[in-house]
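The next block is coords_14.cif, given as mmCIF, C-alpha atoms.
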```cif
data_work
loop_
_atom_site.group_PDB
_atom_site.id
_atom_site.type_symbol
_atom_site.label_atom_id
_atom_site.label_comp_id
_atom_site.auth_asym_id
_atom_site.auth_seq_id
_atom_site.Cartn_x
_atom_site.Cartn_y
_atom_site.Cartn_z
ATOM 1 C CA MET A 225 -60.681 5.041 42.504
ATOM 2 C CA GLY A 226 -57.748 5.304 44.946
ATOM 3 C CA PHE A 227 -54.227 6.437 44.132
ATOM 4 C CA PHE A 228 -52.823 2.965 43.553
ATOM 5 C CA SER A 229 -55.731 1.912 41.335
ATOM 6 C CA LYS A 230 -55.413 5.124 39.340
ATOM 7 C CA ILE A 231 -51.672 4.874 38.840
ATOM 8 C CA ALA A 232 -51.824 1.139 38.180
ATOM 9 C CA GLU A 233 -54.391 1.733 35.453
ATOM 10 C CA GLY A 234 -52.450 4.719 34.114
ATOM 11 C CA LEU A 235 -49.244 2.668 33.935
ATOM 12 C CA LYS A 236 -50.844 -0.296 32.166
ATOM 13 C CA LYS A 237 -48.911 0.236 28.922
ATOM 14 C CA THR A 238 -45.636 0.711 30.763
ATOM 15 C CA ARG A 239 -46.306 -2.379 32.875
ATOM 16 C CA GLU A 240 -47.029 -4.480 29.786
ATOM 17 C CA SER A 241 -43.753 -3.462 28.125
ATOM 18 C CA PHE A 242 -41.753 -3.594 31.356
ATOM 19 C CA SER A 243 -43.023 -6.589 33.321
ATOM 20 C CA LYS A 244 -43.819 -8.733 30.317
ATOM 21 C CA LYS A 245 -40.253 -8.493 29.014
ATOM 22 C CA ILE A 246 -38.685 -9.153 32.410
ATOM 23 C CA ASP A 247 -41.037 -12.089 33.031
ATOM 24 C CA SER A 248 -40.236 -13.635 29.653
ATOM 25 C CA ILE A 249 -36.478 -13.172 30.099
ATOM 26 C CA THR A 250 -36.411 -14.739 33.574
ATOM 27 C CA LYS A 251 -38.442 -17.684 32.282
ATOM 28 C CA VAL A 252 -36.189 -18.342 29.288
ATOM 29 C CA PHE A 253 -33.000 -18.098 31.335
ATOM 30 C CA LYS A 254 -32.924 -20.674 34.100
ATOM 31 C CA LYS A 255 -29.592 -19.532 35.507
ATOM 32 C CA ILE A 256 -28.151 -16.116 36.271
ATOM 33 C CA ASP A 257 -25.347 -15.203 33.851
ATOM 34 C CA ASP A 258 -23.977 -12.290 31.811
ATOM 35 C CA GLU A 259 -26.212 -13.068 28.828
ATOM 36 C CA LEU A 260 -29.277 -12.761 31.080
ATOM 37 C CA PHE A 261 -28.151 -9.345 32.319
ATOM 38 C CA GLU A 262 -27.564 -8.162 28.745
ATOM 39 C CA GLU A 263 -31.173 -9.056 27.940
ATOM 40 C CA LEU A 264 -32.440 -7.350 31.099
ATOM 41 C CA GLU A 265 -30.492 -4.188 30.314
ATOM 42 C CA GLU A 266 -31.963 -4.090 26.815
ATOM 43 C CA ALA A 267 -35.479 -4.548 28.244
ATOM 44 C CA LEU A 268 -34.958 -1.624 30.623
ATOM 45 C CA ILE A 269 -33.647 0.586 27.819
ATOM 46 C CA MET A 270 -36.665 -0.312 25.672
ATOM 47 C CA ALA A 271 -38.906 0.795 28.569
ATOM 48 C CA ASP A 272 -37.218 4.235 28.338
ATOM 49 C CA VAL A 273 -35.359 3.932 31.615
ATOM 50 C CA GLY A 274 -32.308 5.260 29.747
ATOM 51 C CA VAL A 275 -28.935 3.684 28.957
ATOM 52 C CA ILE A 276 -27.000 5.056 31.939
ATOM 53 C CA THR A 277 -29.697 4.185 34.487
ATOM 54 C CA SER A 278 -30.346 0.747 32.934
ATOM 55 C CA GLU A 279 -26.648 -0.097 33.246
ATOM 56 C CA LYS A 280 -26.625 1.010 36.880
ATOM 57 C CA ILE A 281 -29.745 -1.021 37.729
ATOM 58 C CA CYS A 282 -28.220 -4.161 36.223
ATOM 59 C CA GLU A 283 -24.910 -3.608 38.022
ATOM 60 C CA ASN A 284 -26.698 -3.200 41.362
ATOM 61 C CA VAL A 285 -28.920 -6.230 40.753
ATOM 62 C CA LYS A 286 -25.909 -8.347 39.774
ATOM 63 C CA GLN A 287 -24.115 -7.317 42.977
ATOM 64 C CA LEU A 288 -27.142 -8.081 45.166
ATOM 65 C CA ALA A 289 -27.664 -11.461 43.479
ATOM 66 C CA LYS A 290 -24.024 -12.308 44.177
ATOM 67 C CA GLU A 291 -24.211 -11.162 47.814
ATOM 68 C CA ARG A 292 -27.381 -13.183 48.421
ATOM 69 C CA LYS A 293 -26.040 -16.167 46.473
ATOM 70 C CA LEU A 294 -29.068 -16.357 44.204
ATOM 71 C CA THR A 295 -29.014 -18.842 41.342
ATOM 72 C CA ASP A 296 -32.638 -18.824 40.123
ATOM 73 C CA ALA A 297 -33.328 -16.243 37.424
ATOM 74 C CA GLY A 298 -36.921 -16.017 38.620
ATOM 75 C CA GLU A 299 -35.728 -14.256 41.772
ATOM 76 C CA LEU A 300 -34.262 -11.310 39.873
ATOM 77 C CA LYS A 301 -37.491 -9.424 39.276
ATOM 78 C CA GLY A 302 -37.857 -8.778 42.990
ATOM 79 C CA LEU A 303 -34.269 -7.500 43.108
ATOM 80 C CA ILE A 304 -34.858 -5.150 40.169
ATOM 81 C CA LYS A 305 -37.898 -3.722 41.934
ATOM 82 C CA GLU A 306 -35.894 -3.315 45.147
ATOM 83 C CA VAL A 307 -33.133 -1.425 43.306
ATOM 84 C CA VAL A 308 -35.622 0.814 41.471
ATOM 85 C CA VAL A 309 -37.435 1.736 44.703
ATOM 86 C CA GLU A 310 -34.100 2.629 46.311
ATOM 87 C CA MET A 311 -33.181 4.815 43.313
ATOM 88 C CA LEU A 312 -36.499 6.636 43.543
ATOM 89 C CA GLU A 313 -36.346 7.324 47.274
ATOM 90 C CA GLY A 314 -36.223 10.948 48.362
ATOM 91 C CA ASP A 315 -38.331 13.894 49.472
ATOM 92 C CA TYR A 316 -41.251 14.283 47.080
ATOM 93 C CA SER A 317 -43.216 16.846 49.057
ATOM 94 C CA LEU A 318 -43.883 20.306 47.663
ATOM 95 C CA ASN A 319 -41.759 23.068 49.145
ATOM 96 C CA LEU A 320 -44.385 25.461 50.475
ATOM 97 C CA LYS A 321 -42.125 27.460 52.752
ATOM 98 C CA GLY A 322 -43.135 31.054 53.371
ATOM 99 C CA HIS A 323 -46.467 32.858 53.243
ATOM 100 C CA PRO A 324 -47.487 33.180 50.546
ATOM 101 C CA SER A 325 -45.430 30.342 49.101
ATOM 102 C CA VAL A 326 -44.703 30.516 45.375
ATOM 103 C CA ILE A 327 -44.636 27.784 42.718
ATOM 104 C CA LEU A 328 -43.169 28.564 39.292
ATOM 105 C CA VAL A 329 -44.343 26.186 36.562
ATOM 106 C CA ILE A 330 -42.417 25.920 33.289
ATOM 107 C CA GLY A 331 -42.606 23.677 30.232
ATOM 108 C CA VAL A 332 -42.711 23.796 26.440
ATOM 109 C CA ASN A 333 -45.961 24.057 24.485
ATOM 110 C CA GLY A 334 -48.092 20.948 24.347
ATOM 111 C CA VAL A 335 -46.880 19.154 27.486
ATOM 112 C CA GLY A 336 -49.956 19.982 29.550
ATOM 113 C CA LYS A 337 -48.504 22.860 31.560
ATOM 114 C CA THR A 338 -51.703 24.893 31.850
ATOM 115 C CA THR A 339 -53.891 21.901 32.713
ATOM 116 C CA THR A 340 -51.313 20.828 35.308
ATOM 117 C CA ILE A 341 -51.516 24.254 36.965
ATOM 118 C CA GLY A 342 -55.307 24.010 37.138
ATOM 119 C CA LYS A 343 -55.163 20.491 38.597
ATOM 120 C CA LEU A 344 -52.467 21.473 41.103
ATOM 121 C CA ALA A 345 -54.546 24.454 42.199
ATOM 122 C CA SER A 346 -57.527 22.154 42.684
ATOM 123 C CA ASN A 347 -55.403 19.674 44.694
ATOM 124 C CA LEU A 348 -54.064 22.362 47.016
ATOM 125 C CA LYS A 349 -57.493 23.918 47.439
ATOM 126 C CA ALA A 350 -58.890 20.505 48.395
ATOM 127 C CA GLU A 351 -56.202 20.402 51.118
ATOM 128 C CA GLY A 352 -57.674 23.576 52.578
ATOM 129 C CA LYS A 353 -55.154 26.038 51.124
ATOM 130 C CA SER A 354 -56.038 29.415 49.661
ATOM 131 C CA VAL A 355 -54.636 29.432 46.118
ATOM 132 C CA MET A 356 -54.089 32.163 43.542
ATOM 133 C CA LEU A 357 -52.816 31.874 39.947
ATOM 134 C CA ALA A 358 -50.586 34.278 38.021
ATOM 135 C CA ALA A 359 -50.699 34.335 34.198
ATOM 136 C CA ALA A 360 -46.996 35.098 33.696
ATOM 137 C CA ASP A 361 -46.645 33.243 30.360
ATOM 138 C CA THR A 362 -47.557 36.454 28.546
ATOM 139 C CA PHE A 363 -45.977 35.865 25.130
ATOM 140 C CA ARG A 364 -47.626 32.628 23.999
ATOM 141 C CA ALA A 365 -50.816 33.233 22.057
ATOM 142 C CA ALA A 366 -53.949 32.272 24.018
ATOM 143 C CA ALA A 367 -51.943 31.275 27.137
ATOM 144 C CA ILE A 368 -53.827 33.790 29.296
ATOM 145 C CA ASP A 369 -57.226 32.648 28.015
ATOM 146 C CA GLN A 370 -56.314 29.002 28.647
ATOM 147 C CA ILE A 371 -55.222 29.537 32.224
ATOM 148 C CA GLN A 372 -58.374 31.591 32.862
ATOM 149 C CA ILE A 373 -60.447 28.521 31.906
ATOM 150 C CA TRP A 374 -58.552 26.365 34.419
ATOM 151 C CA ALA A 375 -58.719 29.047 37.121
ATOM 152 C CA ASP A 376 -62.497 29.017 36.678
ATOM 153 C CA ARG A 377 -62.614 25.201 36.853
ATOM 154 C CA ALA A 378 -60.536 25.150 40.026
ATOM 155 C CA GLN A 379 -62.492 28.150 41.349
ATOM 156 C CA VAL A 380 -59.414 30.170 42.241
ATOM 157 C CA PRO A 381 -58.584 33.813 41.392
ATOM 158 C CA LEU A 382 -56.258 34.650 38.484
ATOM 159 C CA ILE A 383 -54.004 37.712 38.270
ATOM 160 C CA LYS A 384 -53.357 38.642 34.630
ATOM 161 C CA HIS A 385 -52.163 41.471 32.407
ATOM 162 C CA ASN A 386 -52.485 41.930 28.660
ATOM 163 C CA GLU A 387 -50.650 39.680 26.209
ATOM 164 C CA GLY A 388 -46.998 40.733 25.845
ATOM 165 C CA ALA A 389 -46.800 42.257 29.329
ATOM 166 C CA ASP A 390 -43.715 41.881 31.536
ATOM 167 C CA PRO A 391 -44.023 38.456 33.281
ATOM 168 C CA ALA A 392 -42.216 39.757 36.381
ATOM 169 C CA ALA A 393 -44.792 42.540 36.687
ATOM 170 C CA VAL A 394 -47.597 39.957 36.657
ATOM 171 C CA VAL A 395 -45.854 37.989 39.412
ATOM 172 C CA PHE A 396 -45.343 41.211 41.409
ATOM 173 C CA ASP A 397 -49.057 42.038 41.216
ATOM 174 C CA ALA A 398 -49.982 38.448 42.123
ATOM 175 C CA ILE A 399 -47.780 38.597 45.229
ATOM 176 C CA GLN A 400 -49.296 41.930 46.298
ATOM 177 C CA SER A 401 -52.796 40.566 45.766
ATOM 178 C CA GLY A 402 -51.848 37.331 47.551
ATOM 179 C CA LYS A 403 -50.596 39.243 50.559
ATOM 180 C CA ALA A 404 -53.710 41.412 50.655
ATOM 181 C CA LYS A 405 -56.018 38.399 50.455
ATOM 182 C CA ASN A 406 -53.866 36.217 52.735
ATOM 183 C CA ALA A 407 -53.323 33.560 50.054
ATOM 184 C CA ASP A 408 -51.335 30.479 51.054
ATOM 185 C CA VAL A 409 -49.969 29.595 47.613
ATOM 186 C CA ILE A 410 -49.383 31.508 44.388
ATOM 187 C CA ILE A 411 -48.877 29.349 41.288
ATOM 188 C CA CYS A 412 -47.210 31.171 38.399
ATOM 189 C CA ASP A 413 -47.556 30.035 34.806
ATOM 190 C CA THR A 414 -44.183 30.976 33.307
ATOM 191 C CA ALA A 415 -42.558 30.577 29.912
ATOM 192 C CA GLY A 416 -40.729 27.576 28.525
ATOM 193 C CA ARG A 417 -38.997 28.806 25.396
ATOM 194 C CA LEU A 418 -36.027 26.480 25.234
ATOM 195 C CA HIS A 419 -34.982 27.608 21.760
ATOM 196 C CA ASN A 420 -33.542 30.694 23.430
ATOM 197 C CA LYS A 421 -32.157 29.666 26.807
ATOM 198 C CA LYS A 422 -30.751 33.118 27.529
ATOM 199 C CA ASN A 423 -34.195 34.753 27.292
ATOM 200 C CA LEU A 424 -35.649 32.033 29.503
ATOM 201 C CA MET A 425 -32.887 32.419 32.094
ATOM 202 C CA ASP A 426 -33.150 36.208 32.084
ATOM 203 C CA GLU A 427 -36.930 36.091 32.474
ATOM 204 C CA LEU A 428 -36.853 33.572 35.320
ATOM 205 C CA ALA A 429 -34.015 35.440 37.029
ATOM 206 C CA LYS A 430 -36.079 38.635 36.956
ATOM 207 C CA ILE A 431 -39.118 36.821 38.374
ATOM 208 C CA SER A 432 -36.930 35.275 41.079
ATOM 209 C CA ARG A 433 -35.602 38.698 42.074
ATOM 210 C CA VAL A 434 -39.159 39.976 42.448
ATOM 211 C CA ILE A 435 -40.101 36.994 44.626
ATOM 212 C CA LYS A 436 -36.979 37.344 46.784
ATOM 213 C CA ARG A 437 -37.612 41.059 47.290
ATOM 214 C CA GLU A 438 -41.341 40.780 48.007
ATOM 215 C CA CYS A 439 -41.313 37.410 49.829
ATOM 216 C CA PRO A 440 -37.874 37.131 51.468
ATOM 217 C CA ASP A 441 -38.873 34.044 53.503
ATOM 218 C CA THR A 442 -40.108 32.139 50.455
ATOM 219 C CA GLU A 443 -38.059 29.621 48.497
ATOM 220 C CA PRO A 444 -39.877 29.174 45.167
ATOM 221 C CA GLU A 445 -40.716 25.675 43.997
ATOM 222 C CA VAL A 446 -39.711 25.415 40.312
ATOM 223 C CA LEU A 447 -41.680 22.628 38.626
ATOM 224 C CA LEU A 448 -40.995 21.476 35.083
ATOM 225 C CA VAL A 449 -43.902 19.839 33.250
ATOM 226 C CA LEU A 450 -42.872 17.034 30.888
ATOM 227 C CA ASP A 451 -44.879 14.833 28.523
ATOM 228 C CA ALA A 452 -44.204 11.173 29.417
ATOM 229 C CA THR A 453 -45.108 10.009 25.919
ATOM 230 C CA THR A 454 -41.899 11.585 24.575
ATOM 231 C CA GLY A 455 -39.707 9.186 26.588
ATOM 232 C CA GLN A 456 -36.025 10.046 26.309
ATOM 233 C CA ASN A 457 -36.857 13.413 24.754
ATOM 234 C CA ALA A 458 -38.469 14.302 28.083
ATOM 235 C CA LEU A 459 -35.209 13.436 29.858
ATOM 236 C CA ASN A 460 -33.242 15.601 27.403
ATOM 237 C CA GLN A 461 -35.675 18.486 27.945
ATOM 238 C CA ALA A 462 -35.259 18.133 31.689
ATOM 239 C CA LYS A 463 -31.462 18.347 31.337
ATOM 240 C CA LEU A 464 -31.728 21.594 29.354
ATOM 241 C CA PHE A 465 -34.271 23.160 31.687
ATOM 242 C CA LYS A 466 -32.217 22.207 34.720
ATOM 243 C CA GLU A 467 -29.268 24.111 33.239
ATOM 244 C CA ALA A 468 -31.459 27.107 32.453
ATOM 245 C CA ALA A 469 -33.799 27.298 35.397
ATOM 246 C CA GLY A 470 -32.590 25.331 38.441
ATOM 247 C CA LEU A 471 -35.437 22.856 38.853
ATOM 248 C CA THR A 472 -36.752 21.627 42.199
ATOM 249 C CA GLY A 473 -39.231 19.108 40.817
ATOM 250 C CA ILE A 474 -40.831 17.463 37.784
ATOM 251 C CA VAL A 475 -44.467 16.912 36.870
ATOM 252 C CA LEU A 476 -44.818 14.048 34.394
ATOM 253 C CA THR A 477 -48.047 14.238 32.395
ATOM 254 C CA LYS A 478 -49.856 11.797 30.067
ATOM 255 C CA LEU A 479 -48.485 8.810 31.951
ATOM 256 C CA ASP A 480 -51.745 7.018 31.233
ATOM 257 C CA GLY A 481 -51.166 7.028 27.472
ATOM 258 C CA THR A 482 -47.637 5.686 27.131
ATOM 259 C CA ALA A 483 -45.405 2.642 27.486
ATOM 260 C CA LYS A 484 -42.521 4.981 28.368
ATOM 261 C CA GLY A 485 -43.174 5.431 32.094
ATOM 262 C CA GLY A 486 -39.699 4.087 32.840
ATOM 263 C CA VAL A 487 -38.408 7.592 32.095
ATOM 264 C CA VAL A 488 -39.403 8.476 35.699
ATOM 265 C CA ILE A 489 -36.499 6.333 36.924
ATOM 266 C CA GLY A 490 -34.005 7.866 34.487
ATOM 267 C CA ILE A 491 -34.977 11.440 35.367
ATOM 268 C CA LYS A 492 -34.556 10.860 39.102
ATOM 269 C CA GLU A 493 -31.282 8.920 38.784
ATOM 270 C CA GLU A 494 -29.529 11.036 36.146
ATOM 271 C CA LEU A 495 -30.710 14.490 37.201
ATOM 272 C CA GLN A 496 -31.361 13.940 40.913
ATOM 273 C CA VAL A 497 -34.571 15.949 40.465
ATOM 274 C CA PRO A 498 -37.662 14.288 41.954
ATOM 275 C CA VAL A 499 -40.844 13.643 39.967
ATOM 276 C CA LYS A 500 -43.274 15.231 42.431
ATOM 277 C CA TYR A 501 -46.538 14.705 40.543
ATOM 278 C CA VAL A 502 -47.808 12.446 37.778
ATOM 279 C CA GLY A 503 -50.742 13.023 35.461
ATOM 280 C CA VAL A 504 -52.828 9.882 34.950
ATOM 281 C CA GLY A 505 -55.937 11.196 33.193
ATOM 282 C CA GLU A 506 -57.857 14.193 31.916
ATOM 283 C CA GLN A 507 -60.061 14.986 34.911
ATOM 284 C CA ILE A 508 -59.250 17.791 37.349
ATOM 285 C CA ASP A 509 -58.423 15.268 40.098
ATOM 286 C CA ASP A 510 -56.113 13.185 37.874
ATOM 287 C CA LEU A 511 -52.882 14.811 39.045
ATOM 288 C CA LYS A 512 -51.433 12.596 41.774
ATOM 289 C CA PRO A 513 -48.499 13.113 44.180
ATOM 290 C CA PHE A 514 -45.717 10.731 43.203
ATOM 291 C CA ASN A 515 -45.143 7.748 45.495
ATOM 292 C CA PRO A 516 -42.022 5.632 44.680
ATOM 293 C CA GLN A 517 -43.255 2.409 46.262
ATOM 294 C CA GLU A 518 -46.659 2.558 44.619
ATOM 295 C CA PHE A 519 -45.093 3.459 41.273
ATOM 296 C CA ALA A 520 -42.824 0.409 41.526
ATOM 297 C CA ASP A 521 -45.736 -1.786 42.612
ATOM 298 C CA ALA A 522 -47.691 -0.620 39.572
ATOM 299 C CA ILE A 523 -44.993 -1.309 36.970
ATOM 300 C CA PHE A 524 -43.670 -4.558 38.470
ATOM 301 C CA GLU A 525 -46.987 -6.356 38.846
ATOM 302 C CA SER A 526 -46.635 -9.353 36.556
ATOM 303 C CA VAL A 527 -48.929 -9.537 33.567
ATOM 304 C CA GLU A 528 -50.134 -12.950 34.798
ATOM 305 C CA ASP A 529 -51.054 -11.475 38.201
ATOM 306 C CA GLU A 530 -52.972 -8.723 36.468
ATOM 307 C CA GLU A 531 -54.870 -11.216 34.311
ATOM 308 C CA GLU A 532 -55.717 -13.331 37.375
ATOM 309 C CA SER A 533 -56.901 -10.201 39.186
ATOM 310 C CA ASN A 534 -59.115 -9.321 36.227
ATOM 311 C CA ASP A 535 -60.481 -12.878 36.131
ATOM 312 C CA ASP A 536 -61.324 -12.699 39.852
ATOM 313 C CA SER A 537 -63.030 -9.364 39.277
ATOM 314 C CA ASP A 538 -65.069 -10.821 36.413
ATOM 315 C CA SER A 539 -66.083 -13.784 38.573
ATOM 316 C CA SER A 540 -67.242 -11.555 41.387
ATOM 317 C CA ASP A 541 -69.236 -9.468 38.909
ATOM 318 C CA GLU A 542 -71.019 -12.603 37.693
ATOM 319 C CA GLU A 543 -71.895 -13.574 41.226
#
```
Starting from the file, lay out its structure as structure tokens.
Amino acid sequence: MGFFSKIAEGLKKTRESFSKKIDSITKVFKKIDDELFEELEEALIMADVGVITSEKICENVKQLAKERKLTDAGELKGLIKEVVVEMLEGDYSLNLKGHPSVILVIGVNGVGKTTTIGKLASNLKAEGKSVMLAAADTFRAAAIDQIQIWADRAQVPLIKHNEGADPAAVVFDAIQSGKAKNADVIICDTAGRLHNKKNLMDELAKISRVIKRECPDTEPEVLLVLDATTGQNALNQAKLFKEAAGLTGIVLTKLDGTAKGGVVIGIKEELQVPVKYVGVGEQIDDLKPFNPQEFADAIFESVEDEEESNDDSDSSDEE
């Protein structure tokens, strides 16, 4: 299954809540007026795009409709998609500057942080890179055992200390080992204890100092893992982590199990932090690089088009 098929399937619930509402609104309203835009804004908010971003989308769509002198409500869906794609544009590539390059991964318990690290390691290894993991989330019970399981699955080495060890010391040892073994990328599992932002900031600052001292040409990629099923709570988490840790990217997990995929748009627009990867399944290859156009294609496909596509598929199966 290719990327588009995977993300289209993973975004099925989001598409049903998103496209279905927009389709029904543009069918009920024959002309473009303020009442129509109020309904569209509400539909976007219900898809967890967020209030601020939903307002901005509607304002931009209204302006474009006016400039292009559109009068048919049915033409608005294409404009909404156009505006969303423009909002999502940006550089979504991983920053792998330096050798070894370093990726710090943070996130609260339960969001899929450890599995994301294993999948990311597998992705990078498949690209021909030499990858090493560092178990620097040393205070959460069983965190080291969990990342060992994923290191084994991805078949990459893991640098670890005992539970309760200094996270910066683990990162230091990982960098030394990475240099000795000529590793391309070191992925560090770090803490995500938001209930005490000062501890989190102090810990990450110490790790950053170690990286800067030992790898002066490296600019660490700081990825926050968020659970898409939490919708606006994910956006709020991202705001807090951005204040505490200076994020460079987001990984949005569990996108295949939620109708709240619209939060991708809100995160990018409100925080100006790109969603660099999305999780669309449980397998080791189910972490996909984010592609704005394909994401938009997946959520804006009309429900009728999807049903017709399924019917065609069924027909071909019968043949």
- Of the candidates A:Ile371, A:Ala378, A:Met425, A:Ala407, which one gets nearest to Lys353 in chain A if we count all atoms listed in the file?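 Closest to Lys353 in chain A of all the choices is A:Ala407.
Distance-wise, CA of Phe253 in chain A and CA of Ala271 in chain A end up 20.0 Å apart.
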Self-check item: Coordinates-based distance that separates CA of Ala297 in chain A from CA of Lys254 in chain A (Å, one decimal)
Solution: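 Computed distance, CA of Lys254 in chain A to CA of Ala297 in chain A, equals 5.6 Å.
Residue nearest Ile489 in chain A within the list A:Gly334, A:Pro440, A:Gly314, A:Gly274: A:Gly274 [criterion: smallest interatomic distance, only C-alpha atoms].
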Across A:Leu382, A:Ile249, A:Ala522, A:Leu459, the smallest distance to Ile276 in chain A, with only C-alpha atoms counted, is shown by A:Leu459
| request: Using the chain letters and numbering of this document, enumerate as a ChimeraX atom specification the residues selected by the PyMOL selection byres ((chain A and resi 496-504) around 8). | output: /A:230-231,234,312,314-318,340,471-480,488,491-495,505-506,510-514
